[in-house]
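What's in final.csv: CSV, C-alpha atoms
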```csv
chain,number,residue,atom,x,y,z
A,1,MET,CA,0.0,0.0,0.0
A,2,HIS,CA,2.7,2.5,0.9
A,3,ARG,CA,4.6,1.6,-2.2
A,4,LEU,CA,1.5,2.5,-4.2
A,5,PHE,CA,1.4,5.8,-2.4
A,6,LEU,CA,5.1,6.5,-3.2
A,7,GLN,CA,4.5,5.7,-6.8
A,8,PHE,CA,1.5,8.1,-6.9
A,9,THR,CA,3.7,10.8,-5.3
A,10,LEU,CA,6.1,10.4,-8.2
A,11,ILE,CA,3.3,10.9,-10.7
A,12,PHE,CA,2.0,13.9,-8.7
A,13,SER,CA,5.5,15.5,-8.6
A,14,SER,CA,5.7,15.3,-12.4
A,15,LEU,CA,2.4,17.1,-12.5
A,16,ALA,CA,3.6,19.7,-10.0
A,17,VAL,CA,6.9,20.3,-12.0
A,18,GLY,CA,4.8,20.6,-15.2
A,19,ASN,CA,2.5,23.1,-13.7
A,20,ALA,CA,5.4,25.1,-12.2
A,21,MET,CA,7.2,25.2,-15.6
A,22,VAL,CA,4.0,26.3,-17.5
A,23,SER,CA,3.4,29.2,-15.2
A,24,PHE,CA,7.1,30.1,-14.9
A,25,PHE,CA,7.8,30.1,-18.7
A,26,ARG,CA,4.3,31.1,-19.6
A,27,LEU,CA,4.0,28.2,-22.0
A,28,PRO,CA,0.8,27.8,-24.0
A,29,LEU,CA,0.5,24.2,-22.9
A,30,SER,CA,-1.4,22.6,-20.1
A,31,GLY,CA,0.7,21.6,-17.1
A,32,SER,CA,-0.6,18.1,-17.1
A,33,ILE,CA,0.5,17.5,-20.7
A,34,LEU,CA,3.9,18.9,-19.9
A,35,GLY,CA,4.0,16.7,-16.8
A,36,MET,CA,3.2,13.7,-18.9
A,37,LEU,CA,6.0,14.5,-21.4
A,38,LEU,CA,8.4,15.0,-18.5
A,39,LEU,CA,7.5,11.6,-17.0
A,40,PHE,CA,7.7,10.1,-20.5
A,41,PHE,CA,11.2,11.5,-21.2
A,42,SER,CA,12.4,10.5,-17.7
A,43,LEU,CA,11.3,6.9,-18.5
A,44,LEU,CA,12.9,7.1,-21.8
A,45,THR,CA,16.3,8.3,-20.4
A,46,GLY,CA,16.0,5.9,-17.5
A,47,ILE,CA,16.0,8.6,-14.8
A,48,ILE,CA,12.8,7.0,-13.6
A,49,GLN,CA,12.4,3.2,-13.9
A,50,MET,CA,9.1,1.7,-15.1
A,51,GLU,CA,8.6,-0.3,-11.9
A,52,TRP,CA,8.6,2.9,-9.9
A,53,VAL,CA,5.4,4.2,-11.4
A,54,GLU,CA,3.8,1.4,-13.3
A,55,LYS,CA,1.4,0.0,-10.6
A,56,ALA,CA,0.0,3.3,-9.5
A,57,ALA,CA,-0.4,4.5,-13.1
A,58,ASN,CA,-2.2,1.4,-14.2
A,59,LEU,CA,-4.5,1.5,-11.3
A,60,HIS,CA,-5.2,5.1,-12.0
A,61,LEU,CA,-5.9,4.5,-15.7
A,62,GLN,CA,-8.0,1.5,-15.0
A,63,HIS,CA,-10.4,3.5,-12.8
A,64,MET,CA,-10.3,6.7,-14.9
A,65,THR,CA,-14.1,6.2,-15.4
A,66,LEU,CA,-14.6,7.3,-11.8
A,67,LEU,CA,-13.1,10.7,-12.5
A,68,PHE,CA,-15.6,11.3,-15.4
A,69,ILE,CA,-18.7,11.0,-13.2
A,70,PRO,CA,-18.8,14.5,-11.7
A,71,PRO,CA,-18.2,16.3,-15.0
A,72,VAL,CA,-20.8,14.2,-16.7
A,73,ILE,CA,-23.3,15.1,-14.0
A,74,GLY,CA,-22.2,18.7,-14.5
A,75,ALA,CA,-22.9,18.3,-18.2
A,76,LEU,CA,-26.4,17.0,-17.7
A,77,VAL,CA,-27.2,19.9,-15.4
A,78,TYR,CA,-25.7,22.4,-17.8
A,79,PHE,CA,-27.6,20.9,-20.7
A,80,HIS,CA,-30.9,21.6,-19.1
A,81,SER,CA,-30.2,25.3,-19.2
A,82,LEU,CA,-28.7,25.2,-22.7
A,83,HIS,CA,-31.2,26.9,-25.1
A,84,MET,CA,-30.1,25.9,-28.5
A,85,LYS,CA,-31.0,23.5,-31.2
A,86,ILE,CA,-29.5,20.1,-30.2
A,87,TRP,CA,-29.7,18.7,-33.8
A,88,LYS,CA,-27.1,21.3,-34.9
A,89,LEU,CA,-24.7,20.0,-32.3
A,90,GLY,CA,-25.5,16.4,-33.4
A,91,VAL,CA,-24.7,17.2,-37.0
A,92,ILE,CA,-21.4,18.9,-36.1
A,93,ILE,CA,-20.3,16.0,-33.9
A,94,ALA,CA,-21.3,13.3,-36.4
A,95,GLY,CA,-19.9,15.2,-39.4
A,96,SER,CA,-16.5,15.9,-37.9
A,97,SER,CA,-16.2,12.4,-36.4
A,98,LEU,CA,-16.8,10.9,-39.9
A,99,CYS,CA,-14.3,13.4,-41.3
A,100,ILE,CA,-11.7,12.2,-38.8
A,101,ILE,CA,-12.3,8.5,-39.4
A,102,ILE,CA,-12.3,8.7,-43.2
A,103,ILE,CA,-9.4,11.2,-43.6
A,104,THR,CA,-7.2,9.4,-41.1
A,105,GLY,CA,-7.9,6.1,-42.7
A,106,PHE,CA,-7.3,7.4,-46.2
A,107,SER,CA,-4.1,9.2,-45.4
A,108,VAL,CA,-2.6,6.2,-43.7
A,109,GLU,CA,-3.5,4.0,-46.7
A,110,LEU,CA,-2.1,6.5,-49.1
A,111,TYR,CA,1.1,6.7,-47.1
A,112,GLU,CA,1.4,2.9,-47.2
A,113,LYS,CA,0.8,2.8,-50.9
A,114,TRP,CA,3.3,5.5,-51.6
A,115,LYS,CA,5.9,3.8,-49.4
A,116,ARG,CA,5.4,0.5,-51.2
A,117,ARG,CA,5.9,2.2,-54.6
A,118,CYS,CA,9.1,3.8,-53.3
A,119,ASN,CA,10.5,0.5,-52.2
A,120,ARG,CA,9.8,-1.2,-55.5
B,1,MET,CA,-16.0,23.3,1.7
B,2,ILE,CA,-14.1,20.4,3.1
B,3,GLU,CA,-17.3,18.8,4.2
B,4,SER,CA,-18.8,19.0,0.7
B,5,ILE,CA,-15.5,17.5,-0.8
B,6,LEU,CA,-15.7,14.6,1.6
B,7,LEU,CA,-19.4,14.0,1.0
B,8,CYS,CA,-19.1,14.3,-2.8
B,9,THR,CA,-16.0,12.0,-3.0
B,10,GLY,CA,-17.6,9.5,-0.6
B,11,ILE,CA,-20.9,9.3,-2.4
B,12,THR,CA,-19.3,9.1,-5.9
B,13,VAL,CA,-16.7,6.4,-4.9
B,14,LEU,CA,-19.3,4.3,-3.1
B,15,ALA,CA,-21.7,4.5,-6.1
B,16,TYR,CA,-18.8,3.7,-8.5
B,17,VAL,CA,-17.8,0.6,-6.5
B,18,ILE,CA,-21.4,-0.7,-6.6
B,19,GLY,CA,-21.7,0.2,-10.3
B,20,LEU,CA,-18.4,-1.6,-11.1
B,21,LYS,CA,-19.6,-4.7,-9.2
B,22,LEU,CA,-22.8,-4.7,-11.2
B,23,PHE,CA,-20.8,-4.2,-14.5
B,24,LYS,CA,-18.6,-7.2,-13.6
B,25,ALA,CA,-21.6,-9.3,-12.5
B,26,PHE,CA,-23.2,-8.9,-15.9
B,27,ASN,CA,-20.1,-9.9,-17.8
B,28,HIS,CA,-19.0,-6.4,-18.8
B,29,ASN,CA,-22.1,-5.5,-20.8
B,30,VAL,CA,-21.3,-2.3,-22.7
B,31,TRP,CA,-24.6,-0.6,-21.6
B,32,LEU,CA,-23.9,-1.2,-17.9
B,33,ASN,CA,-20.6,0.7,-18.0
B,34,PRO,CA,-20.3,2.4,-14.6
B,35,LEU,CA,-20.1,5.7,-16.4
B,36,TYR,CA,-23.7,5.5,-17.5
B,37,THR,CA,-25.3,3.6,-14.6
B,38,VAL,CA,-23.5,5.6,-11.8
B,39,THR,CA,-24.1,9.0,-13.5
B,40,LEU,CA,-27.7,8.3,-14.1
B,41,PHE,CA,-28.1,7.0,-10.5
B,42,LEU,CA,-26.5,10.0,-9.0
B,43,PHE,CA,-28.3,12.4,-11.3
B,44,ILE,CA,-31.6,11.0,-10.2
B,45,PHE,CA,-30.9,10.4,-6.5
B,46,LEU,CA,-28.8,13.4,-5.5
B,47,PRO,CA,-31.9,15.7,-5.3
B,48,LEU,CA,-33.7,13.1,-3.2
B,49,PHE,CA,-30.9,13.3,-0.6
B,50,HIS,CA,-31.3,17.1,-0.6
B,51,PHE,CA,-27.9,17.3,-2.2
B,52,ASP,CA,-27.8,20.2,-4.5
B,53,TYR,CA,-25.9,19.8,-7.8
B,54,LYS,CA,-24.0,23.0,-7.2
B,55,THR,CA,-22.7,21.6,-3.8
B,56,TYR,CA,-21.8,18.4,-5.6
B,57,GLU,CA,-19.8,20.3,-8.2
B,58,THR,CA,-17.9,22.4,-5.7
B,59,GLY,CA,-17.2,19.1,-3.9
B,60,SER,CA,-15.6,17.5,-6.9
B,61,THR,CA,-12.3,19.4,-6.6
B,62,LEU,CA,-10.4,16.2,-5.7
B,63,PHE,CA,-11.6,14.6,-8.9
B,64,SER,CA,-10.4,17.4,-11.1
B,65,LEU,CA,-7.0,17.1,-9.5
B,66,LEU,CA,-6.9,13.3,-10.1
B,67,MET,CA,-7.9,14.0,-13.7
B,68,GLN,CA,-4.6,15.9,-14.1
B,69,THR,CA,-2.6,13.1,-12.6
B,70,ALA,CA,-4.5,10.7,-14.9
B,71,ILE,CA,-3.1,12.7,-17.9
B,72,VAL,CA,0.4,12.4,-16.5
B,73,SER,CA,-0.2,8.6,-16.1
B,74,LEU,CA,-0.8,8.4,-19.9
B,75,ALA,CA,3.1,8.6,-20.1
B,76,ILE,CA,3.1,4.9,-19.1
B,77,PRO,CA,1.2,3.5,-22.1
B,78,LEU,CA,3.0,6.0,-24.4
B,79,PHE,CA,6.3,4.7,-23.1
B,80,LYS,CA,5.2,1.1,-23.6
B,81,GLN,CA,4.1,1.9,-27.2
B,82,TRP,CA,7.2,3.8,-28.0
B,83,PRO,CA,9.1,1.0,-29.8
B,84,LEU,CA,6.2,0.5,-32.2
B,85,ILE,CA,5.6,4.3,-32.6
B,86,LYS,CA,9.3,4.8,-33.5
B,87,LYS,CA,9.1,2.0,-36.0
B,88,HIS,CA,6.1,3.5,-37.8
B,89,PHE,CA,6.7,7.1,-36.8
B,90,LYS,CA,6.0,8.7,-40.1
B,91,LYS,CA,2.9,6.7,-40.9
B,92,ILE,CA,1.4,7.4,-37.5
B,93,SER,CA,2.3,11.0,-37.3
B,94,THR,CA,1.0,11.8,-40.8
B,95,GLY,CA,-2.2,9.9,-40.3
B,96,ILE,CA,-3.0,11.3,-36.9
B,97,PHE,CA,-1.9,14.9,-37.8
B,98,VAL,CA,-3.9,15.0,-41.0
B,99,GLY,CA,-6.9,13.4,-39.2
B,100,CYS,CA,-6.8,15.9,-36.3
B,101,VAL,CA,-6.5,18.9,-38.7
B,102,ALA,CA,-9.5,17.5,-40.6
B,103,GLY,CA,-11.4,17.2,-37.4
B,104,PHE,CA,-10.6,20.8,-36.4
B,105,CYS,CA,-11.5,22.2,-39.9
B,106,SER,CA,-14.7,20.3,-40.2
B,107,THR,CA,-15.8,21.3,-36.6
B,108,PHE,CA,-14.8,24.9,-37.2
B,109,PHE,CA,-16.6,25.0,-40.6
B,110,LEU,CA,-19.8,23.3,-39.5
B,111,ALA,CA,-20.0,25.4,-36.3
B,112,SER,CA,-19.5,28.6,-38.2
B,113,LEU,CA,-22.1,27.5,-40.8
B,114,PHE,CA,-24.6,27.0,-38.0
B,115,GLY,CA,-23.6,30.2,-36.2
B,116,ILE,CA,-22.6,28.4,-33.0
B,117,LYS,CA,-21.5,30.7,-30.2
B,118,GLU,CA,-17.7,31.0,-29.4
B,119,ASP,CA,-17.8,29.3,-26.0
B,120,ILE,CA,-19.7,26.3,-27.4
B,121,MET,CA,-17.3,26.2,-30.4
B,122,ALA,CA,-14.4,26.2,-28.0
B,123,SER,CA,-16.0,23.3,-26.2
B,124,LEU,CA,-16.5,21.4,-29.4
B,125,LEU,CA,-12.9,21.7,-30.9
B,126,PRO,CA,-10.9,19.4,-28.6
B,127,LYS,CA,-13.5,16.6,-28.7
B,128,ALA,CA,-11.2,14.2,-30.6
B,129,ALA,CA,-8.8,14.0,-27.6
B,130,THR,CA,-9.3,11.5,-24.8
B,131,LEU,CA,-11.6,12.9,-22.1
B,132,PRO,CA,-9.2,14.3,-19.4
B,133,VAL,CA,-7.0,16.0,-22.1
B,134,ALA,CA,-10.0,17.4,-23.9
B,135,LEU,CA,-11.3,18.8,-20.6
B,136,SER,CA,-8.2,20.8,-19.9
B,137,ALA,CA,-7.8,21.9,-23.5
B,138,SER,CA,-11.4,23.1,-23.6
B,139,GLY,CA,-10.9,25.1,-20.4
B,140,SER,CA,-7.8,26.7,-21.7
B,141,ILE,CA,-9.5,28.3,-24.8
B,142,GLY,CA,-12.6,29.5,-23.0
B,143,GLY,CA,-14.9,26.5,-23.5
B,144,VAL,CA,-17.3,25.0,-21.1
B,145,PRO,CA,-15.6,21.8,-19.7
B,146,SER,CA,-18.9,20.1,-18.8
B,147,LEU,CA,-20.2,20.5,-22.3
B,148,THR,CA,-16.9,19.1,-23.7
B,149,VAL,CA,-17.5,16.0,-21.7
B,150,LEU,CA,-20.8,15.5,-23.4
B,151,PHE,CA,-19.3,16.2,-26.9
B,152,VAL,CA,-16.4,13.8,-26.3
B,153,LEU,CA,-18.6,11.0,-25.1
B,154,THR,CA,-21.2,11.4,-27.9
B,155,SER,CA,-18.6,11.6,-30.7
B,156,ALA,CA,-16.8,8.5,-29.2
B,157,MET,CA,-20.1,6.6,-29.1
B,158,PHE,CA,-21.0,7.7,-32.6
B,159,SER,CA,-17.6,6.7,-34.0
B,160,PHE,CA,-17.6,3.4,-32.1
B,161,ILE,CA,-21.0,2.4,-33.6
B,162,CYS,CA,-20.6,3.8,-37.1
B,163,GLY,CA,-16.8,3.7,-37.6
B,164,PRO,CA,-16.5,0.0,-38.6
B,165,LYS,CA,-19.3,0.4,-41.2
B,166,VAL,CA,-17.8,3.6,-42.6
B,167,LEU,CA,-14.3,2.1,-43.0
B,168,GLU,CA,-15.9,-0.8,-44.8
B,169,MET,CA,-17.9,1.5,-47.1
B,170,PHE,CA,-14.9,3.5,-48.0
B,171,ASN,CA,-12.9,0.3,-48.6
B,172,ILE,CA,-10.2,1.1,-46.0
B,173,THR,CA,-8.8,-2.3,-45.2
B,174,SER,CA,-5.2,-1.8,-44.1
B,175,LYS,CA,-4.8,-2.9,-40.4
B,176,ALA,CA,-2.8,0.2,-39.4
B,177,ALA,CA,-5.3,2.6,-41.2
B,178,LYS,CA,-8.3,0.9,-39.4
B,179,GLY,CA,-6.7,1.0,-36.0
B,180,LEU,CA,-5.5,4.6,-36.3
B,181,ALA,CA,-8.8,5.8,-37.6
B,182,MET,CA,-10.8,4.2,-34.8
B,183,GLY,CA,-8.4,5.3,-32.1
B,184,ALA,CA,-8.3,8.9,-33.4
B,185,SER,CA,-12.0,9.2,-33.4
B,186,ALA,CA,-13.3,7.0,-30.6
B,187,GLN,CA,-10.4,6.9,-28.2
B,188,ALA,CA,-10.5,4.2,-25.6
B,189,LEU,CA,-13.8,2.8,-27.0
B,190,GLY,CA,-12.3,2.7,-30.5
B,191,ALA,CA,-9.1,1.0,-29.2
B,192,SER,CA,-11.2,-1.7,-27.5
B,193,LYS,CA,-13.0,-2.3,-30.8
B,194,CYS,CA,-9.7,-2.5,-32.6
B,195,LEU,CA,-8.4,-5.1,-30.2
B,196,GLN,CA,-11.3,-7.4,-31.3
B,197,TRP,CA,-10.1,-7.1,-34.9
B,198,GLY,CA,-6.5,-8.1,-34.1
B,199,GLU,CA,-3.3,-7.4,-32.2
B,200,GLU,CA,-1.9,-4.9,-34.7
B,201,GLU,CA,-5.1,-3.0,-35.0
B,202,GLY,CA,-5.4,-2.9,-31.2
B,203,ALA,CA,-1.9,-1.5,-30.8
B,204,MET,CA,-2.5,1.1,-33.4
B,205,GLY,CA,-5.8,2.1,-31.8
B,206,ALA,CA,-4.1,2.6,-28.4
B,207,ILE,CA,-1.3,4.6,-30.0
B,208,ALA,CA,-3.8,6.7,-31.9
B,209,MET,CA,-5.5,7.6,-28.7
B,210,THR,CA,-2.3,8.9,-27.0
B,211,THR,CA,-0.9,10.6,-30.1
B,212,THR,CA,-4.3,12.3,-30.8
B,213,ALA,CA,-4.3,13.6,-27.3
B,214,LEU,CA,-0.8,15.0,-27.8
B,215,ILE,CA,-1.5,16.6,-31.1
B,216,VAL,CA,-4.8,18.1,-30.1
B,217,SER,CA,-3.4,19.6,-26.9
B,218,SER,CA,-0.5,21.2,-28.9
B,219,ILE,CA,-2.7,22.6,-31.7
B,220,ILE,CA,-5.5,23.9,-29.4
B,221,PRO,CA,-3.6,26.9,-28.1
B,222,LEU,CA,-3.4,28.3,-31.6
B,223,PHE,CA,-7.2,28.7,-31.6
B,224,THR,CA,-7.0,31.4,-29.0
B,225,TYR,CA,-6.2,33.7,-31.9
B,226,PHE,CA,-9.3,32.6,-33.9
B,227,ILE,CA,-12.0,32.5,-31.3
```
Exercise: express the given structure as structure tokens:
Amino acid sequence: MHRLFLQFTLIFSSLAVGNAMVSFFRLPLSGSILGMLLLFFSLLTGIIQMEWVEKAANLHLQHMTLLFIPPVIGALVYFHSLHMKIWKLGVIIAGSSLCIIIITGFSVELYEKWKRRCNR
Amino acid sequence: MIESILLCTGITVLAYVIGLKLFKAFNHNVWLNPLYTVTLFLFIFLPLFHFDYKTYETGSTLFSLLMQTAIVSLAIPLFKQWPLIKKHFKKISTGIFVGCVAGFCSTFFLASLFGIKEDIMASLLPKAATLPVALSASGSIGGVPSLTVLFVLTSAMFSFICGPKVLEMFNITSKAAKGLAMGASAQALGASKCLQWGEEEGAMGAIAMTTTALIVSSIIPLFTYFI
């Protein structure tokens, strides 16, 4: 149990350093993303070993659903007071999701075809 | 303040544990995902316990902090995927980058077409990223985070249901293309679908989720100049 706590402290420190760097250098990034990149590069360079954070991180990611519950309730409450045509939002969400699927798929396939032609 | 944090955290965790038990008891039925059951349960029963939604929201501070550490924890899957990402670096980065830009452009275009207000547009833009990342990105460009939650979840559900058919319709058959497309649009849900197709698709789906989050969060700050 205390090992899990120590591992979590390490993750939390990455977040704190990330947040501090963002506010100090006035970076246009969120502190949590910078914290993630910091942890990632520390793992890559071996400053932090995988075993030092793995357990806590996996537990955290496994139960990420728990963290979404309060914002979803907030969304339901907010949606009650939102006076706008919901179908418009539906069209935007559906349209851009389709765009992402089709264009990502096509560009990957195009890249693969182009690569194969180069290799020939 | 502290009282409401304790109450909110306690109630939510308790409901989540029960919801998770139910989810496991019914063999991980998709519709019994704790996210739906617990949210619905709390949404209906909070007023019955004379628990105001506002108090509940102010009490959820601990969860927003944990959301940030959850983003940091994404470094672990990213690190595990790194050898595969390095091997297919150009393919993955082209696909995801082009896909993300297409997502931004289509959202921006459709929203301007319908005359959507700025704050709602800002909540729509980061919806391709995984939930915690989208939340912080939305807040940073003046969006309404709780709306972003709804947009992220509906677009993930939509892509999860329609994605496979769309890929088939457009004759996209390469394993990497399918995995990346599903992961970029439906995040964790899409990655789980890809895992059913095969190992390579599954790995690509998971990679797409993390890289989309990275790219979205690095492009989003540019939109402060547009909105």
Q: Choose the residue, out of B:Ile5, B:Ala134, B:Val216, B:Leu150, that has the smallest atom-to-atom separation from Ile71 (chain B); count all atoms listed in the file.
A: B:Ala134
Q: Please identify all polymer residues lying at most 12 Å from the point (-17.6, 3.5, -43.0) (file coordinates), using all atoms listed in the file, and present the result as number ranges by chain.
A: A: 97-103, 105-106; B: 158-173, 178, 181-182
Tell me, counting all atoms listed in the file, for each residue of chain A within 8 Å of chain B, which pair of atoms is nearest and how far apart they are in Å to one decimal, in rows ordered by chain and increasing number, as JSON lines.
```
{"residue": "A:Ile11", "atom": "CA", "partner": "B:Thr69", "partner_atom": "CA", "distance": 6.6}
{"residue": "A:Phe12", "atom": "CA", "partner": "B:Thr69", "partner_atom": "CA", "distance": 6.1}
{"residue": "A:Ser14", "atom": "CA", "partner": "B:Val72", "partner_atom": "CA", "distance": 7.3}
{"residue": "A:Leu15", "atom": "CA", "partner": "B:Thr69", "partner_atom": "CA", "distance": 6.4}
{"residue": "A:Pro28", "atom": "CA", "partner": "B:Pro221", "partner_atom": "CA", "distance": 6.1}
{"residue": "A:Leu29", "atom": "CA", "partner": "B:Ser218", "partner_atom": "CA", "distance": 6.8}
{"residue": "A:Ser30", "atom": "CA", "partner": "B:Ser136", "partner_atom": "CA", "distance": 7.0}
{"residue": "A:Ser32", "atom": "CA", "partner": "B:Gln68", "partner_atom": "CA", "distance": 5.5}
{"residue": "A:Ile33", "atom": "CA", "partner": "B:Val72", "partner_atom": "CA", "distance": 6.6}
{"residue": "A:Gly35", "atom": "CA", "partner": "B:Val72", "partner_atom": "CA", "distance": 5.6}
{"residue": "A:Met36", "atom": "CA", "partner": "B:Val72", "partner_atom": "CA", "distance": 3.9}
{"residue": "A:Leu37", "atom": "CA", "partner": "B:Ala75", "partner_atom": "CA", "distance": 6.7}
{"residue": "A:Leu39", "atom": "CA", "partner": "B:Ala75", "partner_atom": "CA", "distance": 6.2}
{"residue": "A:Phe40", "atom": "CA", "partner": "B:Ala75", "partner_atom": "CA", "distance": 4.9}
{"residue": "A:Leu43", "atom": "CA", "partner": "B:Phe79", "partner_atom": "CA", "distance": 7.1}
{"residue": "A:Leu44", "atom": "CA", "partner": "B:Phe79", "partner_atom": "CA", "distance": 7.1}
{"residue": "A:Met50", "atom": "CA", "partner": "B:Ile76", "partner_atom": "CA", "distance": 7.9}
{"residue": "A:Glu54", "atom": "CA", "partner": "B:Ile76", "partner_atom": "CA", "distance": 6.8}
{"residue": "A:Ala57", "atom": "CA", "partner": "B:Ser73", "partner_atom": "CA", "distance": 5.1}
{"residue": "A:Asn58", "atom": "CA", "partner": "B:Ser73", "partner_atom": "CA", "distance": 7.7}
{"residue": "A:His60", "atom": "CA", "partner": "B:Ala70", "partner_atom": "CA", "distance": 6.3}
{"residue": "A:Leu61", "atom": "CA", "partner": "B:Ala70", "partner_atom": "CA", "distance": 6.4}
{"residue": "A:Met64", "atom": "CA", "partner": "B:Ala70", "partner_atom": "CA", "distance": 7.0}
{"residue": "A:Thr65", "atom": "CA", "partner": "B:Leu35", "partner_atom": "CA", "distance": 6.1}
{"residue": "A:Leu66", "atom": "CA", "partner": "B:Tyr16", "partner_atom": "CA", "distance": 6.4}
{"residue": "A:Leu67", "atom": "CA", "partner": "B:Phe63", "partner_atom": "CA", "distance": 5.5}
{"residue": "A:Phe68", "atom": "CA", "partner": "B:Leu35", "partner_atom": "CA", "distance": 7.3}
{"residue": "A:Ile69", "atom": "CA", "partner": "B:Thr39", "partner_atom": "CA", "distance": 5.8}
{"residue": "A:Pro70", "atom": "CA", "partner": "B:Ser60", "partner_atom": "CA", "distance": 6.5}
{"residue": "A:Pro71", "atom": "CA", "partner": "B:Ser146", "partner_atom": "CA", "distance": 5.4}
{"residue": "A:Val72", "atom": "CA", "partner": "B:Val149", "partner_atom": "CA", "distance": 6.3}
{"residue": "A:Ile73", "atom": "CA", "partner": "B:Thr39", "partner_atom": "CA", "distance": 6.2}
{"residue": "A:Gly74", "atom": "CA", "partner": "B:Ser146", "partner_atom": "CA", "distance": 5.6}
{"residue": "A:Ala75", "atom": "CA", "partner": "B:Ser146", "partner_atom": "CA", "distance": 4.4}
{"residue": "A:Val77", "atom": "CA", "partner": "B:Tyr53", "partner_atom": "CA", "distance": 7.7}
{"residue": "A:Tyr78", "atom": "CA", "partner": "B:Ser146", "partner_atom": "CA", "distance": 7.2}
{"residue": "A:Phe79", "atom": "CA", "partner": "B:Leu147", "partner_atom": "CA", "distance": 7.6}
{"residue": "A:Lys88", "atom": "CA", "partner": "B:Phe114", "partner_atom": "CA", "distance": 7.0}
{"residue": "A:Ile92", "atom": "CA", "partner": "B:Leu110", "partner_atom": "CA", "distance": 5.8}
{"residue": "A:Ile93", "atom": "CA", "partner": "B:Ser155", "partner_atom": "CA", "distance": 5.7}
{"residue": "A:Ala94", "atom": "CA", "partner": "B:Ser155", "partner_atom": "CA", "distance": 6.5}
{"residue": "A:Gly95", "atom": "CA", "partner": "B:Ser106", "partner_atom": "CA", "distance": 7.3}
{"residue": "A:Ser96", "atom": "CA", "partner": "B:Ser106", "partner_atom": "CA", "distance": 5.3}
{"residue": "A:Ser97", "atom": "CA", "partner": "B:Ser185", "partner_atom": "CA", "distance": 6.1}
{"residue": "A:Leu98", "atom": "CA", "partner": "B:Ser159", "partner_atom": "CA", "distance": 7.3}
{"residue": "A:Cys99", "atom": "CA", "partner": "B:Gly103", "partner_atom": "CA", "distance": 6.2}
{"residue": "A:Ile100", "atom": "CA", "partner": "B:Gly99", "partner_atom": "CA", "distance": 5.0}
{"residue": "A:Ile101", "atom": "CA", "partner": "B:Ala181", "partner_atom": "CA", "distance": 4.8}
{"residue": "A:Ile102", "atom": "CA", "partner": "B:Leu167", "partner_atom": "CA", "distance": 6.9}
{"residue": "A:Ile103", "atom": "CA", "partner": "B:Gly99", "partner_atom": "CA", "distance": 5.5}
{"residue": "A:Thr104", "atom": "CA", "partner": "B:Gly99", "partner_atom": "CA", "distance": 4.4}
{"residue": "A:Gly105", "atom": "CA", "partner": "B:Ala177", "partner_atom": "CA", "distance": 4.6}
{"residue": "A:Phe106", "atom": "CA", "partner": "B:Ile172", "partner_atom": "CA", "distance": 6.9}
{"residue": "A:Ser107", "atom": "CA", "partner": "B:Gly95", "partner_atom": "CA", "distance": 5.5}
{"residue": "A:Val108", "atom": "CA", "partner": "B:Gly95", "partner_atom": "CA", "distance": 5.0}
{"residue": "A:Glu109", "atom": "CA", "partner": "B:Ala177", "partner_atom": "CA", "distance": 6.0}
{"residue": "A:Tyr111", "atom": "CA", "partner": "B:Lys91", "partner_atom": "CA", "distance": 6.5}
{"residue": "A:Glu112", "atom": "CA", "partner": "B:Lys91", "partner_atom": "CA", "distance": 7.5}
```
Q. How many Å lie between CA of Gly143 (chain B) and CA of Tyr225 (chain B), rounded to one decimal?
A. 14.1 Å
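Each of B:Val30, B:Ala188, B:Met204, B:Leu7 was compared to Asp52 (chain B) using all atoms listed in the file, and B:Leu7 turns out to be the nearest.
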Q. What is the distance between CA of Thr130 (chain B) and CA of Thr211 (chain B), in Å to one decimal?
A.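 CA of Thr211 (chain B) lies at a distance of 10.0 Å from CA of Thr130 (chain B).
Of the residues listed (B:Ser123, B:Gln81, B:Gln187, B:Asn27), B:Gln81 shows the shortest atom-to-atom separation from Glu200 (chain B); distances use only C-alpha atoms.
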Q: May I ask for the distance between CA of Leu59 (chain A) and CA of Phe26 (chain B), given in Å to one decimal place?
A: 21.9 Å
Q.
So, with all atoms listed in the file as the atoms that count, which of A:Phe5, A:Met21, A:Gly90, A:Lys113 lies closest to Leu38 (chain A)?
A.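 With all atoms listed in the file as the atom set, the closest residue is A:Met21.
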